[in-house]
file entry36.cif (mmCIF, C-alpha atoms and all ligand atoms)
data_input
loop_
_atom_site.group_PDB
_atom_site.id
_atom_site.type_symbol
_atom_site.label_atom_id
_atom_site.label_comp_id
_atom_site.auth_asym_id
_atom_site.auth_seq_id
_atom_site.Cartn_x
_atom_site.Cartn_y
_atom_site.Cartn_z
ATOM 1 C CA LYS A 1 120.199 75.665 67.724
ATOM 2 C CA LEU A 2 117.083 77.375 66.462
ATOM 3 C CA SER A 3 114.335 75.318 64.820
ATOM 4 C CA GLU A 4 114.089 75.467 61.037
ATOM 5 C CA ARG A 5 110.716 77.187 61.486
ATOM 6 C CA LEU A 6 112.069 80.025 63.668
ATOM 7 C CA ASN A 7 115.157 80.246 61.485
ATOM 8 C CA LYS A 8 112.965 80.819 58.440
ATOM 9 C CA ILE A 9 111.043 83.541 60.302
ATOM 10 C CA CYS A 10 114.284 85.179 61.437
ATOM 11 C CA GLY A 11 115.561 85.264 57.858
ATOM 12 C CA LEU A 12 112.501 87.273 56.819
ATOM 13 C CA ILE A 13 113.222 90.111 59.277
ATOM 14 C CA PRO A 14 114.785 92.998 57.360
ATOM 15 C CA PRO A 15 118.247 93.495 58.928
ATOM 16 C CA GLY A 16 118.464 96.434 61.302
ATOM 17 C CA SER A 17 114.735 96.460 62.155
ATOM 18 C CA ARG A 18 113.335 97.026 65.596
ATOM 19 C CA LEU A 19 111.508 93.785 66.290
ATOM 20 C CA ALA A 20 108.492 92.969 68.442
ATOM 21 C CA ASP A 21 107.838 89.250 68.876
ATOM 22 C CA ILE A 22 104.351 88.733 70.258
ATOM 23 C CA GLY A 23 103.666 85.450 72.064
ATOM 24 C CA SER A 24 107.384 84.988 72.420
ATOM 25 C CA ASP A 25 107.311 82.088 74.901
ATOM 26 C CA HIS A 26 111.005 81.512 75.711
ATOM 27 C CA ALA A 27 112.053 84.536 73.622
ATOM 28 C CA LEU A 28 114.061 82.215 71.381
ATOM 29 C CA LEU A 29 113.436 84.237 68.237
ATOM 30 C CA PRO A 30 114.413 87.688 69.590
ATOM 31 C CA THR A 31 117.416 86.198 71.408
ATOM 32 C CA PHE A 32 118.654 84.582 68.217
ATOM 33 C CA ALA A 33 117.935 87.632 66.048
ATOM 34 C CA VAL A 34 119.815 89.980 68.405
ATOM 35 C CA ARG A 35 122.690 87.566 68.981
ATOM 36 C CA GLU A 36 123.166 87.127 65.240
ATOM 37 C CA GLY A 37 123.242 90.900 64.834
ATOM 38 C CA ARG A 38 120.196 90.787 62.607
ATOM 39 C CA VAL A 39 118.311 93.309 64.756
ATOM 40 C CA PRO A 40 119.732 95.864 67.205
ATOM 41 C CA SER A 41 116.911 95.508 69.712
ATOM 42 C CA ALA A 42 113.707 93.630 70.350
ATOM 43 C CA ILE A 43 110.620 93.454 72.521
ATOM 44 C CA ALA A 44 109.340 90.046 73.577
ATOM 45 C CA GLY A 45 105.626 90.170 74.463
ATOM 46 C CA GLU A 46 103.873 87.479 76.462
ATOM 47 C CA VAL A 47 100.399 87.289 77.938
ATOM 48 C CA ASN A 48 101.109 84.416 80.308
ATOM 49 C CA ARG A 49 103.239 84.593 83.439
ATOM 50 C CA GLY A 50 105.008 81.233 82.890
ATOM 51 C CA PRO A 51 106.340 81.994 79.401
ATOM 52 C CA TYR A 52 107.029 85.594 80.468
ATOM 53 C CA ASP A 53 109.288 84.312 83.286
ATOM 54 C CA ALA A 54 110.932 81.852 80.896
ATOM 55 C CA ALA A 55 111.587 84.654 78.417
ATOM 56 C CA SER A 56 113.066 86.904 81.111
ATOM 57 C CA LYS A 57 115.339 84.091 82.247
ATOM 58 C CA GLN A 58 116.450 83.318 78.698
ATOM 59 C CA VAL A 59 117.290 86.968 77.996
ATOM 60 C CA ALA A 60 119.172 87.333 81.285
ATOM 61 C CA GLU A 61 121.170 84.169 80.665
ATOM 62 C CA ALA A 62 122.111 85.431 77.231
ATOM 63 C CA GLY A 63 123.169 88.743 78.811
ATOM 64 C CA LEU A 64 120.931 90.650 76.419
ATOM 65 C CA GLN A 65 118.791 92.668 78.875
ATOM 66 C CA SER A 66 119.968 95.958 77.399
ATOM 67 C CA GLN A 67 118.751 94.927 73.940
ATOM 68 C CA ILE A 68 115.696 92.774 74.600
ATOM 69 C CA GLU A 69 112.851 93.963 76.742
ATOM 70 C CA VAL A 70 110.441 91.293 77.949
ATOM 71 C CA ARG A 71 106.947 92.636 78.572
ATOM 72 C CA LEU A 72 103.768 91.158 79.973
ATOM 73 C CA GLY A 73 100.678 92.008 77.943
ATOM 74 C CA ASP A 74 97.861 90.700 75.789
ATOM 75 C CA GLY A 75 98.890 90.819 72.125
ATOM 76 C CA LEU A 76 99.907 94.258 70.899
ATOM 77 C CA ALA A 77 99.066 95.830 74.276
ATOM 78 C CA ALA A 78 102.694 94.946 75.045
ATOM 79 C CA ILE A 79 103.960 97.633 72.654
ATOM 80 C CA GLU A 80 103.382 101.301 71.903
ATOM 81 C CA ALA A 81 102.750 102.597 68.394
ATOM 82 C CA GLY A 82 106.054 103.468 66.710
ATOM 83 C CA GLU A 83 108.209 101.128 68.781
ATOM 84 C CA ALA A 84 108.611 98.369 66.208
ATOM 85 C CA ASP A 85 109.314 98.141 62.467
ATOM 86 C CA VAL A 86 108.587 94.442 62.302
ATOM 87 C CA ILE A 87 106.165 92.288 64.248
ATOM 88 C CA THR A 88 106.406 88.524 64.386
ATOM 89 C CA ILE A 89 103.528 86.391 65.658
ATOM 90 C CA ALA A 90 104.229 82.675 65.436
ATOM 91 C CA GLY A 91 103.049 79.340 66.718
ATOM 92 C CA MET A 92 99.392 80.082 67.375
ATOM 93 C CA GLY A 93 96.149 79.631 65.493
ATOM 94 C CA GLY A 94 95.195 81.970 62.659
ATOM 95 C CA ALA A 95 92.062 83.109 64.506
ATOM 96 C CA LEU A 96 94.118 84.218 67.513
ATOM 97 C CA ILE A 97 96.642 86.001 65.279
ATOM 98 C CA VAL A 98 93.773 87.845 63.591
ATOM 99 C CA ARG A 99 92.287 88.779 66.967
ATOM 100 C CA ILE A 100 95.638 90.148 68.171
ATOM 101 C CA LEU A 101 96.109 92.208 64.989
ATOM 102 C CA THR A 102 92.522 93.472 65.009
ATOM 103 C CA GLU A 103 92.500 94.497 68.651
ATOM 104 C CA GLY A 104 95.936 96.071 68.327
ATOM 105 C CA LYS A 105 95.358 97.874 65.047
ATOM 106 C CA ALA A 106 96.354 101.265 66.474
ATOM 107 C CA LYS A 107 99.778 99.819 67.363
ATOM 108 C CA LEU A 108 100.500 98.916 63.753
ATOM 109 C CA ALA A 109 101.158 102.526 62.749
ATOM 110 C CA GLY A 110 104.782 102.623 61.627
ATOM 111 C CA VAL A 111 105.104 98.847 61.315
ATOM 112 C CA GLN A 112 106.538 97.963 57.909
ATOM 113 C CA ARG A 113 106.374 94.176 57.955
ATOM 114 C CA LEU A 114 104.313 91.495 59.647
ATOM 115 C CA ILE A 115 105.741 87.989 59.741
ATOM 116 C CA LEU A 116 102.976 85.582 60.687
ATOM 117 C CA GLN A 117 103.157 81.842 61.241
ATOM 118 C CA PRO A 118 99.720 80.433 62.003
ATOM 119 C CA ASN A 119 99.609 76.764 63.011
ATOM 120 C CA VAL A 120 96.116 76.443 61.530
ATOM 121 C CA GLY A 121 93.709 78.826 59.824
ATOM 122 C CA GLU A 122 96.271 80.327 57.452
ATOM 123 C CA ASP A 123 93.438 81.472 55.179
ATOM 124 C CA LEU A 124 92.068 83.684 57.988
ATOM 125 C CA VAL A 125 95.413 85.450 58.160
ATOM 126 C CA ARG A 126 95.551 85.972 54.374
ATOM 127 C CA ARG A 127 91.997 87.329 54.418
ATOM 128 C CA TRP A 128 92.876 89.743 57.216
ATOM 129 C CA LEU A 129 95.975 91.019 55.377
ATOM 130 C CA LEU A 130 93.919 91.537 52.227
ATOM 131 C CA ARG A 131 91.082 93.288 54.068
ATOM 132 C CA GLU A 132 93.430 95.581 55.944
ATOM 133 C CA GLY A 133 95.449 96.594 52.892
ATOM 134 C CA TRP A 134 98.690 94.731 53.666
ATOM 135 C CA LEU A 135 100.451 93.278 50.654
ATOM 136 C CA LEU A 136 101.147 89.561 50.915
ATOM 137 C CA THR A 137 104.762 89.453 49.738
ATOM 138 C CA GLU A 138 106.059 86.000 50.620
ATOM 139 C CA GLU A 139 104.744 82.590 51.569
ATOM 140 C CA HIS A 140 106.863 79.688 52.720
ATOM 141 C CA ILE A 141 105.891 76.174 53.670
ATOM 142 C CA LEU A 142 108.124 73.778 55.558
ATOM 143 C CA GLU A 143 107.944 70.501 57.406
ATOM 144 C CA GLU A 144 109.687 69.923 60.713
ATOM 145 C CA ASP A 145 109.270 67.066 63.187
ATOM 146 C CA GLY A 146 106.281 65.777 61.243
ATOM 147 C CA LYS A 147 104.438 69.109 61.329
ATOM 148 C CA ILE A 148 103.845 71.416 58.400
ATOM 149 C CA TYR A 149 104.103 75.179 58.862
ATOM 150 C CA GLU A 150 103.307 78.157 56.677
ATOM 151 C CA VAL A 151 105.112 81.455 57.152
ATOM 152 C CA LEU A 152 103.526 84.561 55.603
ATOM 153 C CA THR A 153 104.871 88.091 55.269
ATOM 154 C CA GLY A 154 102.676 91.158 54.891
ATOM 155 C CA ASP A 155 104.245 94.461 53.904
ATOM 156 C CA ARG A 156 103.060 98.014 53.893
ATOM 157 C CA SER A 157 102.959 99.143 50.322
ATOM 158 C CA LEU A 158 101.440 102.134 48.594
ATOM 159 C CA SER A 159 100.321 99.850 45.776
ATOM 160 C CA ALA A 160 99.001 97.110 48.091
ATOM 161 C CA VAL A 161 95.436 97.323 46.813
ATOM 162 C CA GLU A 162 96.374 96.978 43.118
ATOM 163 C CA ASP A 163 99.077 94.391 43.809
ATOM 164 C CA ASN A 164 96.773 92.293 45.982
ATOM 165 C CA ALA A 165 94.073 92.516 43.301
ATOM 166 C CA ARG A 166 96.563 91.054 40.804
ATOM 167 C CA LEU A 167 97.705 88.417 43.283
ATOM 168 C CA TYR A 168 94.164 87.176 43.901
ATOM 169 C CA ALA A 169 92.760 87.653 40.398
ATOM 170 C CA PRO A 170 91.252 84.448 38.961
ATOM 171 C CA THR A 171 94.075 82.459 37.434
ATOM 172 C CA THR A 172 94.776 79.122 35.852
ATOM 173 C CA VAL A 173 97.420 76.744 37.154
ATOM 174 C CA GLY A 174 98.535 73.215 36.412
ATOM 175 C CA GLU A 175 98.022 70.722 33.601
ATOM 176 C CA PRO A 176 95.321 70.347 32.448
ATOM 177 C CA PRO A 177 94.807 73.950 33.480
ATOM 178 C CA VAL A 178 92.476 74.465 36.402
ATOM 179 C CA ARG A 179 90.900 77.813 37.185
ATOM 180 C CA LEU A 180 91.278 79.214 40.691
ATOM 181 C CA GLU A 181 89.099 81.994 42.059
ATOM 182 C CA ALA A 182 90.145 84.392 44.819
ATOM 183 C CA ASP A 183 88.551 82.214 47.526
ATOM 184 C CA GLN A 184 90.709 79.247 46.593
ATOM 185 C CA LEU A 185 93.834 81.351 46.255
ATOM 186 C CA LEU A 186 93.157 82.593 49.787
ATOM 187 C CA ASP A 187 92.770 79.004 51.011
ATOM 188 C CA PHE A 188 95.853 77.573 49.318
ATOM 189 C CA GLY A 189 98.032 80.661 49.294
ATOM 190 C CA PRO A 190 98.623 82.389 45.946
ATOM 191 C CA PHE A 191 102.391 81.787 45.988
ATOM 192 C CA LEU A 192 102.240 78.325 47.515
ATOM 193 C CA VAL A 193 99.712 76.963 45.017
ATOM 194 C CA ARG A 194 101.776 78.223 42.081
ATOM 195 C CA GLU A 195 104.920 76.700 43.546
ATOM 196 C CA ALA A 196 103.114 73.433 44.453
ATOM 197 C CA SER A 197 106.060 72.013 46.398
ATOM 198 C CA PRO A 198 106.084 68.430 47.710
ATOM 199 C CA VAL A 199 105.379 69.756 51.236
ATOM 200 C CA PHE A 200 102.384 71.680 49.894
ATOM 201 C CA HIS A 201 101.033 68.475 48.342
ATOM 202 C CA ARG A 202 101.573 66.604 51.625
ATOM 203 C CA LYS A 203 99.781 69.322 53.575
ATOM 204 C CA TRP A 204 96.717 69.241 51.352
ATOM 205 C CA ARG A 205 96.597 65.439 51.138
ATOM 206 C CA SER A 206 96.453 65.384 54.911
ATOM 207 C CA GLU A 207 93.830 68.187 55.003
ATOM 208 C CA ILE A 208 91.694 66.205 52.571
ATOM 209 C CA ALA A 209 92.040 63.066 54.703
ATOM 210 C CA LYS A 210 90.901 65.077 57.754
ATOM 211 C CA LEU A 211 87.917 66.517 55.887
ATOM 212 C CA GLU A 212 86.989 63.049 54.624
ATOM 213 C CA GLY A 213 87.030 61.873 58.234
ATOM 214 C CA VAL A 214 84.684 64.714 59.171
ATOM 215 C CA ALA A 215 82.370 63.939 56.247
ATOM 216 C CA ALA A 216 82.282 60.229 57.172
ATOM 217 C CA SER A 217 81.499 61.035 60.805
ATOM 218 C CA MET A 218 78.562 63.168 59.700
ATOM 219 C CA GLY A 219 76.810 59.939 58.742
ATOM 220 C CA ARG A 220 73.347 59.829 57.302
ATOM 221 C CA SER A 221 70.820 62.318 58.453
ATOM 222 C CA ASP A 222 67.177 63.063 57.895
ATOM 223 C CA SER A 223 67.583 66.766 58.503
ATOM 224 C CA GLU A 224 67.878 68.826 55.374
ATOM 225 C CA ASP A 225 70.282 71.194 57.072
ATOM 226 C CA ALA A 226 72.711 68.389 58.011
ATOM 227 C CA ARG A 227 72.468 66.854 54.538
ATOM 228 C CA GLY A 228 73.239 70.226 52.995
ATOM 229 C CA LYS A 229 76.296 70.670 55.199
ATOM 230 C CA LYS A 230 77.605 67.235 54.327
ATOM 231 C CA GLU A 231 77.057 67.774 50.607
ATOM 232 C CA SER A 232 78.814 71.103 50.703
ATOM 233 C CA LEU A 233 81.774 69.535 52.520
ATOM 234 C CA GLU A 234 81.877 66.729 49.950
ATOM 235 C CA ARG A 235 81.883 69.260 47.125
ATOM 236 C CA ARG A 236 84.779 71.090 48.809
ATOM 237 C CA ILE A 237 86.757 67.819 49.127
ATOM 238 C CA GLN A 238 86.069 66.978 45.488
ATOM 239 C CA ARG A 239 87.210 70.393 44.349
ATOM 240 C CA LEU A 240 90.404 70.211 46.445
ATOM 241 C CA LYS A 241 91.214 66.839 44.896
ATOM 242 C CA GLU A 242 90.607 68.149 41.386
ATOM 243 C CA VAL A 243 92.939 71.080 41.914
ATOM 244 C CA LEU A 244 95.707 68.984 43.498
ATOM 245 C CA ALA A 245 95.531 66.435 40.690
ATOM 246 C CA CYS A 246 96.292 69.144 38.116
ATOM 247 C CA LEU A 247 99.221 70.714 39.955
ATOM 248 C CA PRO A 248 102.760 69.649 39.083
HETATM 249 N N1 LIG A 301 106.243 82.358 69.164
HETATM 250 C C1 LIG A 301 106.892 81.181 69.740
HETATM 251 C C2 LIG A 301 107.188 80.191 68.670
HETATM 252 O O1 LIG A 301 106.666 80.338 67.563
HETATM 253 O O2 LIG A 301 107.943 79.243 68.925
HETATM 254 C C3 LIG A 301 106.035 80.557 70.834
HETATM 255 C C4 LIG A 301 104.769 79.898 70.370
HETATM 256 S S1 LIG A 301 103.822 79.330 71.740
HETATM 257 C C5 LIG A 301 103.133 77.869 71.088
HETATM 258 C C6 LIG A 301 102.483 80.470 71.794
HETATM 259 C C7 LIG A 301 102.750 81.546 72.843
HETATM 260 O O3 LIG A 301 101.821 82.605 72.632
HETATM 261 C C8 LIG A 301 102.556 81.055 74.264
HETATM 262 O O4 LIG A 301 103.726 81.298 74.994
HETATM 263 C C9 LIG A 301 101.364 81.878 74.767
HETATM 264 O O5 LIG A 301 101.488 82.215 76.124
HETATM 265 C C10 LIG A 301 101.435 83.103 73.883
HETATM 266 N N2 LIG A 301 100.167 83.815 73.690
HETATM 267 C C11 LIG A 301 98.945 83.299 73.472
HETATM 268 N N3 LIG A 301 98.031 84.271 73.345
HETATM 269 C C12 LIG A 301 98.690 85.448 73.459
HETATM 270 C C13 LIG A 301 98.300 86.808 73.432
HETATM 271 N N4 LIG A 301 97.033 87.153 73.265
HETATM 272 N N5 LIG A 301 99.260 87.743 73.623
HETATM 273 C C14 LIG A 301 100.545 87.406 73.792
HETATM 274 N N6 LIG A 301 100.966 86.131 73.832
HETATM 275 C C15 LIG A 301 100.065 85.163 73.678
#
call {"tool": "encode", "arguments": {"input": "entry36.cif", "output": "structure tokens"}}
result
Amino acid sequence: KLSERLNKICGLIPPGSRLADIGSDHALLPTFAVREGRVPSAIAGEVNRGPYDAASKQVAEAGLQSQIEVRLGDGLAAIEAGEADVITIAGMGGALIVRILTEGKAKLAGVQRLILQPNVGEDLVRRWLLREGWLLTEEHILEEDGKIYEVLTGDRSLSAVEDNARLYAPTTVGEPPVRLEADQLLDFGPFLVREASPVFHRKWRSEIAKLEGVAASMGRSDSEDARGKKESLERRIQRLKEVLACLP
């Protein structure tokens, strides 16, 4: 049985697409997507030999070698431009996802949808999508085995620039209404903050607790630079709390 997280990602793949799953590990996602008939074929990319072998074994055991090709390569080096309609990159940090997309930019020609599931640094992924002219079309948040995951989709769209501008325009949410600027929408996720689900609240309560831990560990300092950093962190925590308190 596929995890709820991978199941959610699979459900966001437009049926019939040619899929490339980068950092596929055991190739669970492409195996499931092909077996379910969601996609006709897939490429599973892996940079490390261990997971690459595991993926090859998984695909062979499922008897899907004619539909799923397992390839060794760093990020998008595993594919050629035009080979995939959809790329999934899941289960790594946002900074790594951004590095893979940036270094592999030439391979994105022809790709219609990116489905990205950063474990941390989701804001970096949103900022990259915005910068590169991909329209953020969906955001999902879910909790599984005590961990909280965000799944983001970016689509090619001729009106991406205008639509993104609307998505990240300053807006008010909650009661009493609180004003959010683009920076905060990029941090929270413009769809997720409007939805303000219980999981979203749990995620941000735990983020705040982590940041409070960091602020406490900064202690007292004589250096102006360190004091400034601590004060800026405390302002950020305060602001996060204010926003969360207003959301439904
Ligand atoms: N995508 C699967 C999932 O979400 O369940 C596996 C996630 S696993 C935690 C991360 C995988 O990404 C590892 O198997 C690792 O080898 C692979 N990986 C890390 N950096 C990579 C890169 N630059 N290119 C391709 N794969 C990479």
call {"tool": "closest_residue", "arguments": {"input": "entry36.cif", "among": "A:Glu175, A:Glu143, A:Glu138, A:Asp25", "to": "ligand LIG 301 (chain A)", "atoms": "only C-alpha atoms and all ligand atoms"}}
result
A:Asp25
call {"tool": "residues_around", "arguments": {"input": "entry36.cif", "residues": "Leu114 of chain A", "least_positions_apart": "5", "cutoff": "12 Å", "atoms": "all atoms listed in the file", "output": "PyMOL selection string"}}
result
chain A and resi 9-10+12-14+17+19-22+84-90+97-98+101+108-109+125-126+128-129+134-138+151-156
call {"tool": "residues_near_ligand", "arguments": {"input": "entry36.cif", "ligand": "ligand LIG 301 (chain A)", "cutoff": "8 Å", "atoms": "only C-alpha atoms and all ligand atoms", "output": "JSON, numbers by chain"}}
result
{"A": [5, 6, 21, 22, 23, 24, 25, 26, 27, 28, 29, 45, 46, 47, 48, 49, 50, 51, 52, 72, 73, 74, 75, 76, 78, 88, 89, 90, 91, 92, 96, 100, 117]}
call {"tool": "residues_around", "arguments": {"input": "entry36.cif", "residues": "Arg239 of chain A", "least_positions_apart": "6", "cutoff": "10 Å", "atoms": "all atoms listed in the file", "output": "list of chain:residue names"}}
result
A:Gln184, A:Leu233, A:Ala245
call {"tool": "atom_distance", "arguments": {"input": "entry36.cif", "atom1": "atom CA of Pro190 of chain A", "atom2": "atom CA of Glu139 of chain A"}}
result
8.3 Å
call {"tool": "residues_around", "arguments": {"input": "entry36.cif", "residues": "Leu186 of chain A", "least_positions_apart": "5", "cutoff": "8 Å", "atoms": "only C-alpha atoms", "output": "list of chain:residue names"}}
result
A:Asp123, A:Arg126, A:Arg127, A:Tyr168
call {"tool": "atom_distance", "arguments": {"input": "entry36.cif", "atom1": "atom CA of Leu116 of chain A", "atom2": "atom CA of Ala81 of chain A"}}
result
18.7 Å
call {"tool": "residues_around", "arguments": {"input": "entry36.cif", "residues": "Ile237 of chain A", "least_positions_apart": "4", "cutoff": "12 Å", "atoms": "only C-alpha atoms", "output": "CSV table (one decimal) with C-alpha atoms, keeping the file's coordinate frame"}}
result
chain,number,residue,atom,x,y,z
A,204,TRP,CA,96.7,69.2,51.4
A,205,ARG,CA,96.6,65.4,51.1
A,206,SER,CA,96.5,65.4,54.9
A,207,GLU,CA,93.8,68.2,55.0
A,208,ILE,CA,91.7,66.2,52.6
A,209,ALA,CA,92.0,63.1,54.7
A,210,LYS,CA,90.9,65.1,57.8
A,211,LEU,CA,87.9,66.5,55.9
A,212,GLU,CA,87.0,63.0,54.6
A,213,GLY,CA,87.0,61.9,58.2
A,214,VAL,CA,84.7,64.7,59.2
A,215,ALA,CA,82.4,63.9,56.2
A,216,ALA,CA,82.3,60.2,57.2
A,230,LYS,CA,77.6,67.2,54.3
A,231,GLU,CA,77.1,67.8,50.6
A,232,SER,CA,78.8,71.1,50.7
A,233,LEU,CA,81.8,69.5,52.5
A,241,LYS,CA,91.2,66.8,44.9
A,242,GLU,CA,90.6,68.1,41.4
A,243,VAL,CA,92.9,71.1,41.9
A,244,LEU,CA,95.7,69.0,43.5
call {"tool": "residues_around", "arguments": {"input": "entry36.cif", "residues": "Gly121 of chain A", "least_positions_apart": "6", "cutoff": "9 Å", "atoms": "only C-alpha atoms", "output": "list in words"}}
result
Gly93, Gly94, Ala95 and Asp187 of chain A
call {"tool": "atom_distance", "arguments": {"input": "entry36.cif", "atom1": "atom CA of Val70 of chain A", "atom2": "atom CA of Gln58 of chain A"}}
result
10.0 Å
call {"tool": "residues_near_point", "arguments": {"input": "entry36.cif", "point": "(100.7, 71.2, 62.1)", "cutoff": "8 Å", "atoms": "only C-alpha atoms", "output": "PyMOL selection string"}}
result
chain A and resi 119-120+146-149
call {"tool": "build_atoms", "arguments": {"input": "entry36.cif", "residues": "segment 29-47 of chain A", "atoms": "N, CA and C atoms", "output": "mmCIF file, in the frame of the given file"}}
result
data_model
loop_
_atom_site.group_PDB
_atom_site.id
_atom_site.type_symbol
_atom_site.label_atom_id
_atom_site.label_comp_id
_atom_site.auth_asym_id
_atom_site.auth_seq_id
_atom_site.Cartn_x
_atom_site.Cartn_y
_atom_site.Cartn_z
ATOM 1 N N LEU A 29 113.265 83.498 69.497
ATOM 2 C CA LEU A 29 113.436 84.237 68.237
ATOM 3 C C LEU A 29 114.155 85.578 68.452
ATOM 4 N N PRO A 30 113.680 86.428 69.385
ATOM 5 C CA PRO A 30 114.413 87.688 69.590
ATOM 6 C C PRO A 30 115.844 87.474 70.071
ATOM 7 N N THR A 31 116.052 86.463 70.925
ATOM 8 C CA THR A 31 117.416 86.198 71.408
ATOM 9 C C THR A 31 118.338 85.863 70.236
ATOM 10 N N PHE A 32 117.858 84.994 69.370
ATOM 11 C CA PHE A 32 118.654 84.582 68.217
ATOM 12 C C PHE A 32 118.901 85.771 67.278
ATOM 13 N N ALA A 33 117.825 86.522 67.009
ATOM 14 C CA ALA A 33 117.935 87.632 66.048
ATOM 15 C C ALA A 33 118.917 88.704 66.549
ATOM 16 N N VAL A 34 118.894 88.972 67.855
ATOM 17 C CA VAL A 34 119.815 89.980 68.405
ATOM 18 C C VAL A 34 121.241 89.427 68.444
ATOM 19 N N ARG A 35 121.360 88.179 68.883
ATOM 20 C CA ARG A 35 122.690 87.566 68.981
ATOM 21 C C ARG A 35 123.385 87.502 67.628
ATOM 22 N N GLU A 36 122.606 87.212 66.591
ATOM 23 C CA GLU A 36 123.166 87.127 65.240
ATOM 24 C C GLU A 36 123.471 88.501 64.650
ATOM 25 N N GLY A 37 123.030 89.548 65.354
ATOM 26 C CA GLY A 37 123.242 90.900 64.834
ATOM 27 C C GLY A 37 122.243 91.267 63.750
ATOM 28 N N ARG A 38 121.192 90.483 63.643
ATOM 29 C CA ARG A 38 120.196 90.787 62.607
ATOM 30 C C ARG A 38 119.382 92.021 62.988
ATOM 31 N N VAL A 39 119.040 92.122 64.276
ATOM 32 C CA VAL A 39 118.311 93.309 64.756
ATOM 33 C C VAL A 39 119.062 93.904 65.940
ATOM 34 N N PRO A 40 119.014 95.234 66.089
ATOM 35 C CA PRO A 40 119.732 95.864 67.205
ATOM 36 C C PRO A 40 119.003 95.683 68.532
ATOM 37 N N SER A 41 117.678 95.594 68.463
ATOM 38 C CA SER A 41 116.911 95.508 69.712
ATOM 39 C C SER A 41 115.594 94.804 69.443
ATOM 40 N N ALA A 42 114.979 94.329 70.525
ATOM 41 C CA ALA A 42 113.707 93.630 70.350
ATOM 42 C C ALA A 42 112.869 93.730 71.613
ATOM 43 N N ILE A 43 111.554 93.572 71.409
ATOM 44 C CA ILE A 43 110.620 93.454 72.521
ATOM 45 C C ILE A 43 110.032 92.052 72.422
ATOM 46 N N ALA A 44 109.984 91.365 73.543
ATOM 47 C CA ALA A 44 109.340 90.046 73.577
ATOM 48 C C ALA A 44 108.068 90.191 74.394
ATOM 49 N N GLY A 45 106.907 90.024 73.767
ATOM 50 C CA GLY A 45 105.626 90.170 74.463
ATOM 51 C C GLY A 45 105.051 88.812 74.826
ATOM 52 N N GLU A 46 104.521 88.724 76.016
ATOM 53 C CA GLU A 46 103.873 87.479 76.462
ATOM 54 C C GLU A 46 102.655 87.807 77.315
ATOM 55 N N VAL A 47 101.603 87.045 77.147
ATOM 56 C CA VAL A 47 100.399 87.289 77.938
ATOM 57 C C VAL A 47 100.397 86.436 79.217
#
